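All remarks here apply to the structure that follows.
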Protein chains: 2
Amino acid sequence: MNKEDMNGFLALGKDLGQEYALFTYLIETPIDPVTAGAHLCQEQSTAQWHRVGVEEDFREKYGAKVVSCKTLEVNSKPKIQAFVEGEKYTIAEIKIAHPTINFGPKIPNLITAAAGEGAFHCPAVNTIKLVNVELPEKYLRAFEGPKFGLKGLRRVMKVKDRPFFFGVVKPNIGLPPKPFAELAYQAWKGGLDACKDDELLSDVEYSPLKKRLELVLEKMFKAEQETGEKKMFVANITDEVDRVLELHDLVAGMGGNAVMVNAFPVGLSGVRMLAKKTKIPVVAHFDFIAPFTRMPYFGVKSELITRLQRLAGCDAIIMPGLGKRMLVAEEEVKENVKACLYDMKNIQPCLPVPGGSDWAGSLPKMHEAFQTVDFGMVPGRGVFGHPLGPEGGARSLREAWEALEKGVSLEKHAETHEALRTAIECFGKKKE
Amino acid sequence: MNKEDMNGFLALGKDLGQEYALFTYLIETPIDPVTAGAHLCQEQSTAQWHRVGVEEDFREKYGAKVVSCKTLEVNSKPKIQAFVEGEKYTIAEIKIAHPTINFGPKIPNLITAAAGEGAFHCPAVNTIKLVNVELPEKYLRAFEGPKFGLKGLRRVMKVKDRPFFFGVVKPNIGLPPKPFAELAYQAWKGGLDACKDDELLSDVEYSPLKKRLELVLEKMFKAEQETGEKKMFVANITDEVDRVLELHDLVAGMGGNAVMVNAFPVGLSGVRMLAKKTKIPVVAHFDFIAPFTRMPYFGVKSELITRLQRLAGCDAIIMPGLGKRMLVAEEEVKENVKACLYDMKNIQPCLPVPGGSDWAGSLPKMHEAFQTVDFGMVPGRGVFGHPLGPEGGARSLREAWEALEKGVSLEKHAETHEALRTAIECFGKKKE
């Protein structure tokens, strides 16, 4: 690209205002990073900006423009692999202002602009990671966001000043509806707020959703009466996108009070469709997000994916949690939690639910790390593999929270609380 | 995991038959790879296989099982990064048989099983790449596959014994419908089979789909009459998934004869929904596939993604093409082309359309690499940036094909063919 061509893609230091979205990329390039940024702009917007023989320039209105470029490192070798040959590799943070008129307030089109062919097939860029998308308020206003959100969940569930206790019913797959409902009942009785289906347990042959709901909801209403607490069942309606609304209607029609979708397998746009029409809270699960977020210097930052799920209207977002077990760094988990809660203008906060082999003993660490009670925890075996059964497992969570509230150690509180004591004996010895 | 627990997840050397799908992973693990495979099976299926205090075992029917493990390398360091600490790292190919009853013939559920939490958050596995999914014929029969496919496209377009010539109308964005239609007309006149919208040009404010179609189709019918050839316009209907069918109906209702969707941004399940109901061929575009397929040893192999698009019912699949420009290795492009054409039982072949800065001179290389005429090419600037305009650009493609058919070099043929000569002069000097 010559200097003159390049200038049409540069607006260094400028604020282009409400008509542009800001995409931030971490790039590794063998060429000058500003030039690489201009190439990125060309590839992701006005690849050819005039007709042959016609004096015109579509770049001004439709072209993406580099607004900032910060060189972070210069190395002799690429971090991962040389997809583009070069003598040195510069790692730079590039901010690109992209006109929203190119894609409109539509998730698939936004994804295409920010992380489509233009971003990932630019021959000037060896590796690229989309690390941020800042959307102007005018653009955000075209989105509905979560219908219930954190506030709605607290209102519906009457859960105040403490985290939410979810649990994945285990054995997670294979269990027929009747024993499934019985296990859920025990966990609710013990103090769980919400029982949920495993990400693989949707409307399956061996446990059709209708049958499962019928038995589970009966037990849920029973547990509500007996405990005086509001209870929730999160029904997994992950299915082909043209069945999702039908399954939602089935759940809501039977008196169910939450649905779950595996957000990326169904498609974020499918999630938005569901969230727009839903009558009950929508919970997202994190399958198929790691494949494009885990790598350093390549793909998309997971925090951004969390924000897109919130934008799409998820009321609660299950995400990989703390500890080595989920292969996600603590800082990244914290960022993902914050991505649910920060001020996103008209898009209200949703509930972050970081999970992964948690049990009662995980609670103090979570509370310490997130510095808020606005989160959910979602143990599986920590409740359903508890030696005293799901009731004891659920009780151990509530007892752990009591200890935190009183400011005593779990060990101390366990001296007089059997479920917690048993949990510590069973799960506390495992290495992190 | 102890030996006894592990055995429930092993079926080494066994063929478990029609009730199982086979998932092949390339894993890097700091532990014994068979044990790592058993962990993967546990995480992706029966994480907890019995109720506390109940003698039962859900693994036999619902558990995934390692059927083969081949160690490929043992290294002292991980290839990319240590997500799991270890003293040595084994790279192995693991085949896992996963019961189809766990997910059923539904794309989101299949993706969850093969590439969801279980596969990508297994603490025994440092990095993982899903490289193959083999589906039993019984399972495949529940899918519709492409409605037109390669055969249907040849029949509809009356294109025999040669590749299909697509072109992306350029300037790709910003152009109002009227000049857009005029450019498309010129390209059709010159010999293009199909003009298509850019991946960013969908139903946008500055070029509403209805208006664009109205003008483009009028020109298309005119070009058909004047050339005596069948022409196609591929209308980009990428939008929120709940608008895709509405936009399809608009296109088909106005006499349009093909639609395009950015498959992953819309969601593969949305593509299947469209393909099931479509009245005209469905073309897929490859945005947001590189983020999870480019990395070595991590993510998903792109060939598999091509096959999933075919399974979802795409009649033509636009994919990154040959040459360094698209950052995809030649072998991978060839595999993706083959993935459209191989015998997939009831799922008929579709048309592979590898693209990326092609022009007339790309044709011999493509033909040589793919060893078939069953492909499409899709230049942008190679047609619409041609110095003689789109008509000359399109003609240069047909002239290049004439040269190939006659067995003469492009240079030789160019001596008597102006459009080809001009293309060589304009595009032939650029480095690959």
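Chain identifiers are assigned as A, B, and so on, following the order in which chains appear in the structure tokens; residues are numbered from 1 within each chain, and ligands are numbered from 1 in order of appearance.
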
Quick one: residues within 9 Å of range 213-218 of chain B, only C-alpha atoms counted, chain neighbours fewer than 2 positions away excluded, as a ChimeraX atom specification? /B:177-178,180-182,184-185,208-211,220-223,232-233,235,251,254-256

Print the selection's residues with C-alpha atoms to a file, as an mmCIF file, in the first residue's frame.
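Writing done, so here's part_27.cif:
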```
data_model
loop_
_atom_site.group_PDB
_atom_site.id
_atom_site.type_symbol
_atom_site.label_atom_id
_atom_site.label_comp_id
_atom_site.auth_asym_id
_atom_site.auth_seq_id
_atom_site.Cartn_x
_atom_site.Cartn_y
_atom_site.Cartn_z
ATOM 1 C CA PRO B 177 -27.696 -0.180 -5.563
ATOM 2 C CA LYS B 178 -27.776 1.431 -9.001
ATOM 3 C CA PHE B 180 -23.755 -1.855 -8.025
ATOM 4 C CA ALA B 181 -26.258 -3.403 -10.438
ATOM 5 C CA GLU B 182 -24.483 -1.836 -13.389
ATOM 6 C CA ALA B 184 -22.707 -6.743 -11.851
ATOM 7 C CA TYR B 185 -24.307 -6.495 -15.307
ATOM 8 C CA PRO B 208 -31.264 -2.041 1.346
ATOM 9 C CA LEU B 209 -31.460 -5.621 0.121
ATOM 10 C CA LYS B 210 -34.831 -5.144 -1.554
ATOM 11 C CA LYS B 211 -33.731 -2.152 -3.570
ATOM 12 C CA MET B 220 -29.283 -10.153 -14.402
ATOM 13 C CA PHE B 221 -32.259 -11.086 -16.590
ATOM 14 C CA LYS B 222 -30.980 -8.681 -19.217
ATOM 15 C CA ALA B 223 -27.528 -10.276 -19.115
ATOM 16 C CA MET B 232 -26.807 -16.026 -10.663
ATOM 17 C CA PHE B 233 -26.840 -13.359 -7.986
ATOM 18 C CA ALA B 235 -27.548 -12.109 -2.098
ATOM 19 C CA VAL B 251 -34.891 -12.876 -2.267
ATOM 20 C CA MET B 254 -38.345 -11.477 -6.119
ATOM 21 C CA GLY B 255 -36.839 -14.111 -8.399
ATOM 22 C CA GLY B 256 -33.381 -14.121 -6.847
#
```

What's the 9 Å shell around Gly63 in chain A, counting only C-alpha atoms, without same-chain residues fewer than 5 positions away, as an mmCIF file with N, CA and C atoms, in the first residue's frame?
```
data_model
loop_
_atom_site.group_PDB
_atom_site.id
_atom_site.type_symbol
_atom_site.label_atom_id
_atom_site.label_comp_id
_atom_site.auth_asym_id
_atom_site.auth_seq_id
_atom_site.Cartn_x
_atom_site.Cartn_y
_atom_site.Cartn_z
ATOM 1 N N GLY A 8 -5.892 7.228 3.630
ATOM 2 C CA GLY A 8 -7.346 7.091 3.693
ATOM 3 C C GLY A 8 -7.804 6.186 4.828
ATOM 4 N N PHE A 9 -6.876 5.415 5.386
ATOM 5 C CA PHE A 9 -7.217 4.486 6.468
ATOM 6 C C PHE A 9 -6.624 4.916 7.809
ATOM 7 N N CYS A 41 -7.503 -2.276 8.108
ATOM 8 C CA CYS A 41 -8.672 -1.440 7.823
ATOM 9 C C CYS A 41 -9.184 -1.688 6.409
ATOM 10 N N GLN A 42 -8.257 -1.775 5.468
ATOM 11 C CA GLN A 42 -8.661 -2.026 4.092
ATOM 12 C C GLN A 42 -9.382 -3.370 3.973
ATOM 13 N N GLN A 44 -10.884 -5.104 6.220
ATOM 14 C CA GLN A 44 -12.151 -5.260 6.947
ATOM 15 C C GLN A 44 -13.213 -4.234 6.545
ATOM 16 N N SER A 45 -12.889 -3.375 5.588
ATOM 17 C CA SER A 45 -13.923 -2.425 5.145
ATOM 18 C C SER A 45 -13.843 -2.209 3.632
ATOM 19 N N THR A 46 -13.388 -1.057 3.189
ATOM 20 C CA THR A 46 -13.404 -0.710 1.762
ATOM 21 C C THR A 46 -12.177 -1.267 1.037
ATOM 22 N N ALA A 47 -12.215 -2.597 0.798
ATOM 23 C CA ALA A 47 -11.089 -3.271 0.152
ATOM 24 C C ALA A 47 -10.768 -2.590 -1.187
ATOM 25 N N TRP A 49 -12.001 0.955 -2.973
ATOM 26 C CA TRP A 49 -12.805 2.111 -2.556
ATOM 27 C C TRP A 49 -13.282 3.008 -3.693
ATOM 28 N N PHE A 58 -14.784 5.838 -1.289
ATOM 29 C CA PHE A 58 -15.723 5.366 -0.264
ATOM 30 C C PHE A 58 -15.098 5.274 1.127
ATOM 31 N N ALA A 97 -11.217 2.409 14.322
ATOM 32 C CA ALA A 97 -12.592 2.930 14.357
ATOM 33 C C ALA A 97 -13.294 2.430 13.099
ATOM 34 N N HIS A 98 -14.377 1.697 13.279
ATOM 35 C CA HIS A 98 -15.086 1.090 12.150
ATOM 36 C C HIS A 98 -16.506 1.673 12.090
ATOM 37 N N PRO A 99 -16.913 2.218 10.941
ATOM 38 C CA PRO A 99 -18.248 2.831 10.856
ATOM 39 C C PRO A 99 -19.353 1.794 11.120
ATOM 40 N N ASN A 102 -21.642 0.073 8.451
ATOM 41 C CA ASN A 102 -21.241 -1.114 7.685
ATOM 42 C C ASN A 102 -21.896 -2.398 8.174
ATOM 43 N N ILE B 173 -18.105 -2.262 -0.397
ATOM 44 C CA ILE B 173 -19.116 -1.613 0.444
ATOM 45 C C ILE B 173 -19.193 -0.132 0.103
ATOM 46 N N GLY B 174 -20.338 0.431 0.412
ATOM 47 C CA GLY B 174 -20.529 1.865 0.184
ATOM 48 C C GLY B 174 -21.236 2.184 -1.123
#
```

With only C-alpha atoms as the counted atoms, please give the residues lying no more than 8 Å from Ser302 in chain B, apart from itself and same-chain residues fewer than 2 positions off, as a PyMOL selection string. chain B and resi 289-290+293-294+300+304-306+332+336

Using only C-alpha atoms, determine which residues lie at most 12 Å from Tyr89 in chain A, disregarding the query and same-chain residues fewer than 2 positions distant; provide the list as an NGL selection string. :A and (27-33 or 36 or 71-87 or 91-92 or 124-127)

Long-range neighbours of Pro108 in chain B as a PyMOL selection string, 9 Å cut-off, only C-alpha atoms, 6 positions minimum in chain: (chain A and resi 238-241+262+264-267) or (chain B and resi 268-269)

Taking only range 53-89 of chain B into account, list the residues labelled helix (DSSP H, G or I) by DSSP (computed from the backbone), as a PyMOL selection string. chain B and resi 59-62
